[in-house]
>>> print(open('data03.txt').read())   # compact mmCIF, C-alpha atoms
# COMPACT_ATOMS: atom_id res chain seq x y z
CA MET I 1 -56.31 -51.13 -26.96
CA ASN I 2 -55.71 -54.31 -25.05
CA LYS I 3 -52.01 -53.98 -24.21
CA LYS I 4 -50.27 -54.20 -20.86
CA THR I 5 -47.48 -51.76 -20.03
CA LEU I 6 -44.24 -53.43 -18.96
CA GLY I 7 -42.14 -50.37 -18.12
CA SER I 8 -38.71 -49.21 -19.29
CA LYS I 9 -37.29 -52.65 -19.88
CA SER I 10 -34.66 -54.08 -22.21
CA LEU I 11 -37.21 -55.82 -24.38
CA LEU I 12 -36.15 -56.73 -27.88
CA TYR I 13 -36.76 -60.14 -29.36
CA PRO I 14 -34.74 -61.99 -30.23
CA MET I 15 -31.24 -60.92 -29.19
CA PRO I 16 -28.05 -62.40 -30.64
CA VAL I 17 -25.76 -64.43 -28.39
CA THR I 18 -22.18 -63.18 -28.56
CA ILE I 19 -18.93 -63.49 -26.65
CA VAL I 20 -17.07 -60.19 -26.32
CA GLY I 21 -13.32 -60.46 -25.86
CA ALA I 22 -10.61 -58.08 -24.67
CA ASP I 23 -7.11 -58.31 -23.29
CA VAL I 24 -7.17 -57.35 -19.61
CA ASP I 25 -3.75 -56.76 -18.04
CA GLY I 26 -2.22 -58.56 -21.01
CA LYS I 27 -4.41 -61.68 -20.85
CA PRO I 28 -7.48 -62.51 -22.94
CA ASN I 29 -10.82 -62.35 -21.15
CA PHE I 30 -14.31 -63.05 -22.43
CA LEU I 31 -17.91 -62.40 -21.43
CA THR I 32 -21.32 -63.13 -22.86
CA ILE I 33 -23.21 -60.18 -24.35
CA ALA I 34 -26.75 -60.09 -25.79
CA PHE I 35 -27.31 -56.33 -25.44
CA ILE I 36 -25.70 -55.68 -28.81
CA GLY I 37 -26.58 -54.67 -32.34
CA ILE I 38 -25.22 -53.43 -35.63
CA ILE I 39 -25.77 -49.67 -35.91
CA ASN I 40 -24.05 -48.63 -39.11
CA ALA I 41 -23.08 -49.85 -42.57
CA ASN I 42 -19.92 -48.77 -44.44
CA PRO I 43 -18.08 -48.81 -42.11
CA GLY I 44 -19.71 -51.61 -40.17
CA MET I 45 -20.31 -50.43 -36.63
CA VAL I 46 -21.66 -52.06 -33.53
CA ALA I 47 -22.90 -50.90 -30.11
CA PHE I 48 -23.31 -52.89 -26.93
CA GLY I 49 -23.91 -52.44 -23.25
CA SER I 50 -21.69 -54.00 -20.62
CA ASN I 51 -22.31 -53.64 -16.89
CA ARG I 52 -19.79 -51.07 -15.70
CA LYS I 53 -18.54 -53.50 -13.04
CA HIS I 54 -17.53 -56.07 -15.66
CA TYR I 55 -13.88 -57.04 -15.59
CA THR I 56 -13.67 -57.06 -19.39
CA ASN I 57 -14.59 -53.36 -19.56
CA LYS I 58 -11.25 -52.51 -17.96
CA GLY I 59 -9.39 -54.00 -20.94
CA ILE I 60 -11.75 -52.55 -23.54
CA LEU I 61 -11.37 -49.05 -22.15
CA ALA I 62 -7.58 -49.36 -21.70
CA ASN I 63 -6.86 -50.80 -25.16
CA ARG I 64 -9.77 -49.19 -27.04
CA THR I 65 -10.23 -52.52 -28.82
CA PHE I 66 -12.47 -55.57 -28.43
CA SER I 67 -13.74 -58.56 -30.36
CA ILE I 68 -17.22 -59.95 -30.94
CA ASN I 69 -17.34 -63.70 -31.38
CA VAL I 70 -20.50 -65.44 -32.58
CA PRO I 71 -20.58 -68.95 -31.11
CA SER I 72 -22.47 -71.84 -32.62
CA GLN I 73 -25.20 -73.55 -30.64
CA ASP I 74 -22.72 -76.39 -29.95
CA GLN I 75 -20.70 -73.88 -27.91
CA LEU I 76 -23.64 -72.63 -25.87
CA GLU I 77 -22.67 -74.14 -22.51
CA ILE I 78 -19.20 -72.58 -22.53
CA THR I 79 -20.78 -69.34 -23.81
CA ASP I 80 -23.12 -69.35 -20.84
CA TYR I 81 -20.19 -70.09 -18.54
CA VAL I 82 -18.20 -66.99 -19.57
CA GLY I 83 -21.27 -64.89 -18.70
CA LEU I 84 -21.64 -66.49 -15.27
CA TYR I 85 -18.24 -65.90 -13.69
CA SER I 86 -16.13 -62.74 -13.68
CA GLY I 87 -12.56 -62.64 -14.93
CA ALA I 88 -11.76 -61.02 -11.60
CA ASN I 89 -12.36 -64.42 -9.94
CA VAL I 90 -11.87 -66.98 -12.70
CA ASP I 91 -9.10 -67.20 -15.28
CA LYS I 92 -10.85 -67.43 -18.65
CA SER I 93 -7.67 -66.84 -20.69
CA ARG I 94 -7.14 -70.52 -21.54
CA LEU I 95 -10.72 -71.56 -22.26
CA PHE I 96 -10.36 -70.98 -25.99
CA GLU I 97 -7.78 -71.13 -28.75
CA VAL I 98 -7.22 -67.41 -29.34
CA PHE I 99 -5.95 -65.49 -32.37
CA TYR I 100 -5.18 -61.82 -32.94
CA GLY I 101 -5.72 -59.73 -36.06
CA LYS I 102 -4.89 -56.26 -37.38
CA LEU I 103 -5.32 -54.42 -34.08
CA GLY I 104 -2.97 -56.76 -32.24
CA ASN I 105 -4.76 -56.80 -28.89
CA ALA I 106 -8.37 -57.85 -29.55
CA PRO I 107 -8.41 -61.58 -28.74
CA MET I 108 -10.68 -63.66 -30.98
CA ILE I 109 -11.94 -67.20 -30.47
CA GLU I 110 -10.69 -69.58 -33.15
CA THR I 111 -13.57 -72.06 -32.78
CA CYS I 112 -16.38 -69.47 -33.05
CA PRO I 113 -17.74 -69.41 -36.60
CA LEU I 114 -17.58 -65.61 -36.89
CA ASN I 115 -15.26 -63.04 -35.33
CA LEU I 116 -15.49 -59.25 -35.56
CA GLU I 117 -12.40 -57.24 -34.67
CA CYS I 118 -13.36 -53.81 -33.38
CA ARG I 119 -11.93 -50.45 -32.43
CA VAL I 120 -13.77 -48.33 -29.83
CA THR I 121 -15.05 -45.07 -31.34
CA ASP I 122 -17.28 -43.86 -28.49
CA THR I 123 -18.30 -44.71 -24.96
CA LEU I 124 -21.51 -43.36 -23.49
CA ASP I 125 -22.76 -43.29 -19.92
CA ARG I 126 -26.44 -42.47 -19.74
CA GLY I 127 -27.04 -43.26 -16.10
CA GLY I 128 -27.95 -46.91 -16.49
CA ILE I 129 -26.07 -49.90 -15.17
CA ASP I 130 -24.11 -50.40 -18.38
CA THR I 131 -21.25 -48.66 -20.09
CA ILE I 132 -22.36 -48.23 -23.70
CA ILE I 133 -19.52 -49.09 -26.05
CA VAL I 134 -19.61 -48.12 -29.71
CA GLY I 135 -17.11 -49.63 -32.09
CA GLU I 136 -16.09 -49.82 -35.70
CA ILE I 137 -15.65 -53.27 -37.17
CA ILE I 138 -12.12 -53.19 -38.59
CA GLU I 139 -12.10 -56.75 -39.91
CA SER I 140 -14.27 -59.86 -39.80
CA TYR I 141 -13.15 -63.49 -39.92
CA CYS I 142 -15.03 -66.62 -40.94
CA GLU I 143 -14.00 -70.08 -42.09
CA GLU I 144 -14.79 -71.02 -45.67
CA LYS I 145 -16.97 -73.91 -44.48
CA PHE I 146 -19.45 -71.45 -42.91
CA LEU I 147 -19.81 -69.35 -46.09
CA THR I 148 -22.28 -69.65 -48.96
CA GLY I 149 -21.57 -67.45 -51.97
CA GLY I 150 -19.02 -65.52 -49.90
CA ASN I 151 -21.48 -64.67 -47.09
CA PRO I 152 -21.78 -66.21 -43.63
CA ASP I 153 -24.63 -68.72 -43.67
CA VAL I 154 -26.70 -69.07 -40.47
CA GLU I 155 -27.71 -72.58 -41.47
CA LYS I 156 -24.02 -73.54 -41.42
CA MET I 157 -22.88 -71.40 -38.45
CA LYS I 158 -25.93 -72.27 -36.32
CA PRO I 159 -25.80 -69.20 -34.03
CA ALA I 160 -28.16 -69.07 -31.05
CA VAL I 161 -30.62 -66.39 -30.01
CA PHE I 162 -31.47 -65.15 -26.53
CA SER I 163 -34.79 -64.30 -24.97
CA MET I 164 -34.53 -61.69 -22.20
CA TYR I 165 -36.18 -61.94 -18.75
CA ASP I 166 -37.20 -65.59 -19.20
CA ASN I 167 -33.48 -66.26 -19.91
CA ARG I 168 -33.89 -68.82 -22.66
CA TYR I 169 -31.64 -69.72 -25.56
CA PHE I 170 -33.15 -70.83 -28.86
CA ALA I 171 -31.88 -72.05 -32.21
CA ILE I 172 -32.60 -70.43 -35.55
CA GLY I 173 -35.68 -72.01 -37.09
CA LYS I 174 -37.15 -72.43 -40.52
CA TYR I 175 -36.56 -70.18 -43.51
CA LEU I 176 -39.43 -67.70 -43.92
CA GLY I 177 -38.62 -65.70 -47.02
CA LYS I 178 -36.37 -63.30 -48.87
CA ALA I 179 -35.82 -59.76 -47.57
CA TRP I 180 -36.37 -56.81 -49.91
CA SER I 181 -38.56 -59.15 -51.91
CA ILE I 182 -41.57 -60.75 -50.17
CA GLY I 183 -43.12 -57.32 -49.51
CA LYS I 184 -43.30 -56.35 -53.19
CA LYS I 185 -46.81 -57.78 -53.46
CA PHE I 186 -48.10 -54.74 -51.54
CA ARG I 187 -46.51 -52.27 -53.96
CA PRO I 188 -48.97 -49.57 -55.06
CA LYS I 189 -49.71 -49.68 -58.82
CA ASN I 190 -48.26 -46.21 -59.42
CA ILE I 191 -44.84 -47.09 -57.92
CA THR I 192 -42.12 -48.89 -59.88
CA MET E 1 -5.68 -70.31 -38.67
CA ASN E 2 -8.01 -71.18 -41.48
CA LYS E 3 -10.23 -68.08 -41.56
CA LYS E 4 -11.06 -65.81 -44.45
CA THR E 5 -11.21 -62.04 -43.91
CA LEU E 6 -14.51 -60.45 -45.00
CA GLY E 7 -13.72 -56.77 -44.35
CA SER E 8 -15.49 -54.08 -42.33
CA LYS E 9 -18.97 -55.46 -42.81
CA SER E 10 -22.17 -55.35 -40.75
CA LEU E 11 -21.93 -58.99 -39.78
CA LEU E 12 -23.83 -60.07 -36.71
CA TYR E 13 -26.02 -63.14 -36.67
CA PRO E 14 -28.86 -63.19 -36.23
CA MET E 15 -30.40 -59.71 -36.25
CA PRO E 16 -33.89 -58.93 -34.97
CA VAL E 17 -36.56 -57.79 -37.42
CA THR E 18 -38.23 -54.59 -36.25
CA ILE E 19 -40.42 -51.83 -37.63
CA VAL E 20 -39.38 -48.37 -36.46
CA GLY E 21 -42.13 -45.75 -36.39
CA ALA E 22 -42.18 -41.96 -36.23
CA ASP E 23 -44.59 -39.18 -37.06
CA VAL E 24 -43.30 -37.30 -40.10
CA ASP E 25 -45.05 -34.00 -40.82
CA GLY E 26 -47.85 -35.12 -38.49
CA LYS E 27 -48.45 -38.52 -40.10
CA PRO E 28 -47.19 -41.91 -38.94
CA ASN E 29 -44.47 -43.50 -41.03
CA PHE E 30 -42.71 -46.83 -40.64
CA LEU E 31 -39.58 -48.56 -41.88
CA THR E 32 -37.91 -51.91 -41.36
CA ILE E 33 -34.76 -51.93 -39.22
CA ALA E 34 -32.47 -54.84 -38.40
CA PHE E 35 -29.39 -52.77 -37.47
CA ILE E 36 -30.59 -52.46 -33.89
CA GLY E 37 -29.81 -53.71 -30.41
CA ILE E 38 -30.41 -53.18 -26.71
CA ILE E 39 -27.43 -51.33 -25.20
CA ASN E 40 -28.41 -50.62 -21.61
CA ALA E 41 -30.48 -51.94 -18.71
CA ASN E 42 -32.23 -49.75 -16.13
CA PRO E 43 -33.18 -47.66 -18.00
CA GLY E 44 -33.70 -49.84 -21.05
CA MET E 45 -31.90 -48.25 -23.97
CA VAL E 46 -31.61 -49.09 -27.63
CA ALA E 47 -29.42 -48.00 -30.55
CA PHE E 48 -30.03 -48.39 -34.24
CA GLY E 49 -28.73 -47.22 -37.57
CA SER E 50 -30.96 -45.70 -40.21
CA ASN E 51 -29.69 -44.57 -43.61
CA ARG E 52 -29.49 -40.79 -43.40
CA LYS E 53 -31.63 -40.47 -46.53
CA HIS E 54 -34.54 -42.29 -44.89
CA TYR E 55 -37.77 -40.33 -44.74
CA THR E 56 -38.52 -41.57 -41.21
CA ASN E 57 -35.32 -39.97 -39.85
CA LYS E 58 -36.83 -36.54 -40.51
CA GLY E 59 -39.61 -37.24 -38.03
CA ILE E 60 -37.36 -38.91 -35.46
CA LEU E 61 -34.96 -35.98 -35.44
CA ALA E 62 -37.76 -33.37 -35.37
CA ASN E 63 -39.82 -35.00 -32.59
CA ARG E 64 -36.93 -36.70 -30.73
CA THR E 65 -39.21 -39.74 -30.35
CA PHE E 66 -39.71 -43.05 -32.15
CA SER E 67 -41.20 -46.49 -31.65
CA ILE E 68 -39.83 -49.97 -32.14
CA ASN E 69 -42.41 -52.55 -33.10
CA VAL E 70 -41.59 -56.26 -33.11
CA PRO E 71 -43.75 -57.98 -35.75
CA SER E 72 -44.67 -61.62 -35.66
CA GLN E 73 -43.65 -63.88 -38.52
CA ASP E 74 -47.25 -63.68 -39.80
CA GLN E 75 -46.61 -59.97 -40.47
CA LEU E 76 -43.36 -60.51 -42.35
CA GLU E 77 -44.57 -59.57 -45.84
CA ILE E 78 -45.92 -56.19 -44.73
CA THR E 79 -42.76 -55.73 -42.62
CA ASP E 80 -40.66 -56.31 -45.72
CA TYR E 81 -42.88 -53.89 -47.67
CA VAL E 82 -42.28 -50.96 -45.30
CA GLY E 83 -38.54 -51.47 -45.82
CA LEU E 84 -38.84 -51.50 -49.59
CA TYR E 85 -40.58 -48.20 -50.32
CA SER E 86 -39.87 -44.76 -48.87
CA GLY E 87 -42.51 -42.67 -47.14
CA ALA E 88 -41.41 -39.91 -49.51
CA ASN E 89 -43.11 -41.84 -52.34
CA VAL E 90 -45.64 -44.08 -50.65
CA ASP E 91 -48.15 -43.22 -47.92
CA LYS E 92 -47.60 -45.78 -45.17
CA SER E 93 -49.73 -43.93 -42.60
CA ARG E 94 -52.79 -46.17 -43.06
CA LEU E 95 -51.12 -49.55 -43.31
CA PHE E 96 -51.54 -50.27 -39.61
CA GLU E 97 -53.89 -49.58 -36.73
CA VAL E 98 -51.78 -47.08 -34.75
CA PHE E 99 -51.81 -46.09 -31.08
CA TYR E 100 -49.87 -43.47 -29.12
CA GLY E 101 -48.51 -43.67 -25.58
CA LYS E 102 -46.88 -41.41 -23.02
CA LEU E 103 -44.79 -39.39 -25.44
CA GLY E 104 -47.78 -38.53 -27.62
CA ASN E 105 -46.04 -38.62 -30.99
CA ALA E 106 -44.35 -42.02 -31.31
CA PRO E 107 -46.80 -44.07 -33.40
CA MET E 108 -46.99 -47.74 -32.44
CA ILE E 109 -48.50 -50.63 -34.38
CA GLU E 110 -51.44 -52.21 -32.56
CA THR E 111 -51.09 -55.62 -34.23
CA CYS E 112 -47.36 -56.06 -33.48
CA PRO E 113 -46.90 -58.26 -30.39
CA LEU E 114 -44.43 -55.89 -28.74
CA ASN E 115 -44.02 -52.11 -28.90
CA LEU E 116 -41.26 -50.00 -27.37
CA GLU E 117 -41.89 -46.27 -26.98
CA CYS E 118 -38.62 -44.34 -27.09
CA ARG E 119 -37.13 -40.91 -26.56
CA VAL E 120 -33.97 -39.94 -28.46
CA THR E 121 -31.03 -39.36 -26.12
CA ASP E 122 -28.19 -39.15 -28.66
CA THR E 123 -27.53 -39.12 -32.35
CA LEU E 124 -24.10 -39.98 -33.73
CA ASP E 125 -22.64 -39.53 -37.18
CA ARG E 126 -19.45 -41.53 -37.61
CA GLY E 127 -19.03 -41.14 -41.34
CA GLY E 128 -21.00 -44.17 -42.43
CA ILE E 129 -24.20 -44.24 -44.44
CA ASP E 130 -26.42 -44.34 -41.36
CA THR E 131 -27.45 -41.87 -38.71
CA ILE E 132 -26.94 -43.67 -35.40
CA ILE E 133 -29.90 -43.07 -33.11
CA VAL E 134 -29.71 -43.85 -29.40
CA GLY E 135 -32.89 -43.90 -27.38
CA GLU E 136 -34.28 -44.58 -23.95
CA ILE E 137 -37.23 -46.97 -23.77
CA ILE E 138 -39.87 -44.96 -21.90
CA GLU E 139 -42.55 -47.65 -21.95
CA SER E 140 -43.20 -51.03 -23.49
CA TYR E 141 -46.52 -52.57 -24.53
CA CYS E 142 -47.53 -56.19 -24.99
CA GLU E 143 -50.84 -58.04 -25.03
CA GLU E 144 -51.50 -60.47 -22.18
CA LYS E 145 -51.80 -63.34 -24.67
CA PHE E 146 -48.10 -62.97 -25.60
CA LEU E 147 -46.88 -63.07 -21.97
CA THR E 148 -45.80 -66.00 -19.81
CA GLY E 149 -45.23 -65.22 -16.15
CA GLY E 150 -45.36 -61.51 -16.98
CA ASN E 151 -42.61 -61.67 -19.62
CA PRO E 152 -42.93 -61.60 -23.40
CA ASP E 153 -42.68 -65.16 -24.73
CA VAL E 154 -40.99 -65.68 -28.10
CA GLU E 155 -42.88 -68.92 -28.61
CA LYS E 156 -46.13 -66.93 -28.44
CA MET E 157 -44.97 -63.74 -30.21
CA LYS E 158 -43.11 -65.63 -32.95
CA PRO E 159 -40.72 -62.82 -33.94
CA ALA E 160 -38.52 -63.30 -37.00
CA VAL E 161 -34.77 -62.98 -37.38
CA PHE E 162 -32.77 -61.55 -40.26
CA SER E 163 -29.61 -62.78 -41.90
CA MET E 164 -27.56 -59.98 -43.50
CA TYR E 165 -26.04 -60.05 -47.01
CA ASP E 166 -27.92 -63.18 -48.05
CA ASN E 167 -31.10 -61.28 -47.06
CA ARG E 168 -33.03 -64.13 -45.52
CA TYR E 169 -35.68 -64.17 -42.81
CA PHE E 170 -35.90 -67.09 -40.41
CA ALA E 171 -38.18 -68.16 -37.56
CA ILE E 172 -37.04 -68.86 -34.02
CA GLY E 173 -36.21 -72.54 -33.67
CA LYS E 174 -36.00 -75.05 -30.89
CA TYR E 175 -35.32 -74.31 -27.22
CA LEU E 176 -31.64 -74.91 -26.41
CA GLY E 177 -31.30 -74.22 -22.70
CA LYS E 178 -31.48 -71.82 -19.80
CA ALA E 179 -29.20 -68.79 -19.64
CA TRP E 180 -27.13 -68.16 -16.49
CA SER E 181 -27.53 -71.86 -15.85
CA ILE E 182 -26.25 -74.33 -18.48
CA GLY E 183 -22.68 -73.02 -18.10
CA LYS E 184 -22.44 -73.87 -14.39
CA LYS E 185 -21.01 -77.29 -15.20
CA PHE E 186 -17.70 -75.61 -16.09
CA ARG E 187 -17.45 -73.87 -12.72
CA PRO E 188 -14.01 -74.29 -11.11
CA LYS E 189 -14.13 -76.21 -7.83
CA ASN E 190 -12.83 -73.25 -5.79
CA ILE E 191 -15.62 -70.91 -6.96
CA THR E 192 -19.08 -70.83 -5.37
>>> encode(input="data03.txt", output="structure tokens")
Amino acid sequence: MNKKTLGSKSLLYPMPVTIVGADVDGKPNFLTIAFIGIINANPGMVAFGSNRKHYTNKGILANRTFSINVPSQDQLEITDYVGLYSGANVDKSRLFEVFYGKLGNAPMIETCPLNLECRVTDTLDRGGIDTIIVGEIIESYCEEKFLTGGNPDVEKMKPAVFSMYDNRYFAIGKYLGKAWSIGKKFRPKNIT
Amino acid sequence: MNKKTLGSKSLLYPMPVTIVGADVDGKPNFLTIAFIGIINANPGMVAFGSNRKHYTNKGILANRTFSINVPSQDQLEITDYVGLYSGANVDKSRLFEVFYGKLGNAPMIETCPLNLECRVTDTLDRGGIDTIIVGEIIESYCEEKFLTGGNPDVEKMKPAVFSMYDNRYFAIGKYLGKAWSIGKKFRPKNIT
């Protein structure tokens, strides 16, 4: 084997680029999160890690609600900005046109192509630098112009991806194939 | 507001494309997972959802170990294949050159550019179709040829991304900018 060991690092490629929102002391606040993934279907559930010092955590833990907003690559500079400066020092409540949904206190960003409105189901502390927040997606919101056949279309939404440690953002590239399909060529003859 | 509601769906764009590995009854087995994300730094931690009927879960829950393997886009057809057919019906133990690391029973795929060796810390069942598995990344493995400045380089590894519901795989596209940097232009004048 010709592999180098890199240690216990947060290596997963690529990561999505999201803006997590919460009301903190009654005002919307937002921060950039890439340590995030879907972890369950029916109901849709999500987990993410947020440094326990983050200002937004205070609102998430108080309200037990949060939003996940998927920005388009056109919104990448402002997305980067909300990850650079804490709501403790900078008022981020007027950066975006905000709307609220079923939960009433999970602020969502109107201009982001996709919004997930979430209720906290679990929080975990496993000794790292992040509070691990697990949530159920109560509702999701997307403009018609970003949908194809009723589903969000990455070629229309143009979300970005993040590469950890070298801290680079990338676009989505070319179409490579259909899932649950292109692997069928390897199917053993005795399996239908 | 001009948004449509799409319900409690597993909508996050894009998702990574990974192959999760575990020894089941002493033999390596693999399945494709996109419901996955990093959720903690120092230690690196990951969470993913795997349908509770999946054959691989048996091994993960018995051994309390698993691997995450990030395939390159050249390996996408075989990656799709391991997600199509269950290890209960198809022997996937000889599909890949396998190596083991510190934990001894988390099989990793030699030809995948990046491998994460993980120990289960938590499992959650929140009433959905998946078992939610939370793990600590004990070690990570990458060939020198995929590194730049000591970090995995997506332009060398060429991982794929997944788009849910329309079931499409995409490549990583063009470089868009530097994280923790391109947002500085919005910095208020009174903040250093």
>>> atom_distance(input="data03.txt", atom1="CA of Met45 in chain I", atom2="CA of Lys158 in chain I")
22.6 Å
>>> atom_distance(input="data03.txt", atom1="CA of Gly83 in chain E", atom2="CA of Ser67 in chain E")
15.3 Å
>>> atom_distance(input="data03.txt", atom1="CA of Leu103 in chain I", atom2="CA of Val17 in chain I")
23.5 Å
>>> closest_residue(input="data03.txt", among="E:Asp74, E:Pro14, E:Phe146, E:Gly37", to="Ala171 in chain I", atoms="only C-alpha atoms")
E:Pro14
>>> residues_around(input="data03.txt", residues="Arg94 in chain E", least_positions_apart="2", cutoff="12 Å", atoms="all atoms listed in the file", output="list of chain:residue names")
E:Lys27, E:Pro28, E:Asn29, E:Phe30, E:Val82, E:Gly87, E:Val90, E:Asp91, E:Lys92, E:Phe96, E:Glu97, E:Val98, E:Pro107, E:Ile109
>>> write_last_selection(input="data03.txt", atoms="C-alpha atoms", output="PDB file, keeping the file's coordinate frame")
ATOM      1  CA  LYS E  27     -48.450 -38.520 -40.100  1.00  0.00           C
ATOM      2  CA  PRO E  28     -47.190 -41.910 -38.940  1.00  0.00           C
ATOM      3  CA  ASN E  29     -44.470 -43.500 -41.030  1.00  0.00           C
ATOM      4  CA  PHE E  30     -42.710 -46.830 -40.640  1.00  0.00           C
ATOM      5  CA  VAL E  82     -42.280 -50.960 -45.300  1.00  0.00           C
ATOM      6  CA  GLY E  87     -42.510 -42.670 -47.140  1.00  0.00           C
ATOM      7  CA  VAL E  90     -45.640 -44.080 -50.650  1.00  0.00           C
ATOM      8  CA  ASP E  91     -48.150 -43.220 -47.920  1.00  0.00           C
ATOM      9  CA  LYS E  92     -47.600 -45.780 -45.170  1.00  0.00           C
ATOM     10  CA  PHE E  96     -51.540 -50.270 -39.610  1.00  0.00           C
ATOM     11  CA  GLU E  97     -53.890 -49.580 -36.730  1.00  0.00           C
ATOM     12  CA  VAL E  98     -51.780 -47.080 -34.750  1.00  0.00           C
ATOM     13  CA  PRO E 107     -46.800 -44.070 -33.400  1.00  0.00           C
ATOM     14  CA  ILE E 109     -48.500 -50.630 -34.380  1.00  0.00           C
TER      15      ILE E 109
END
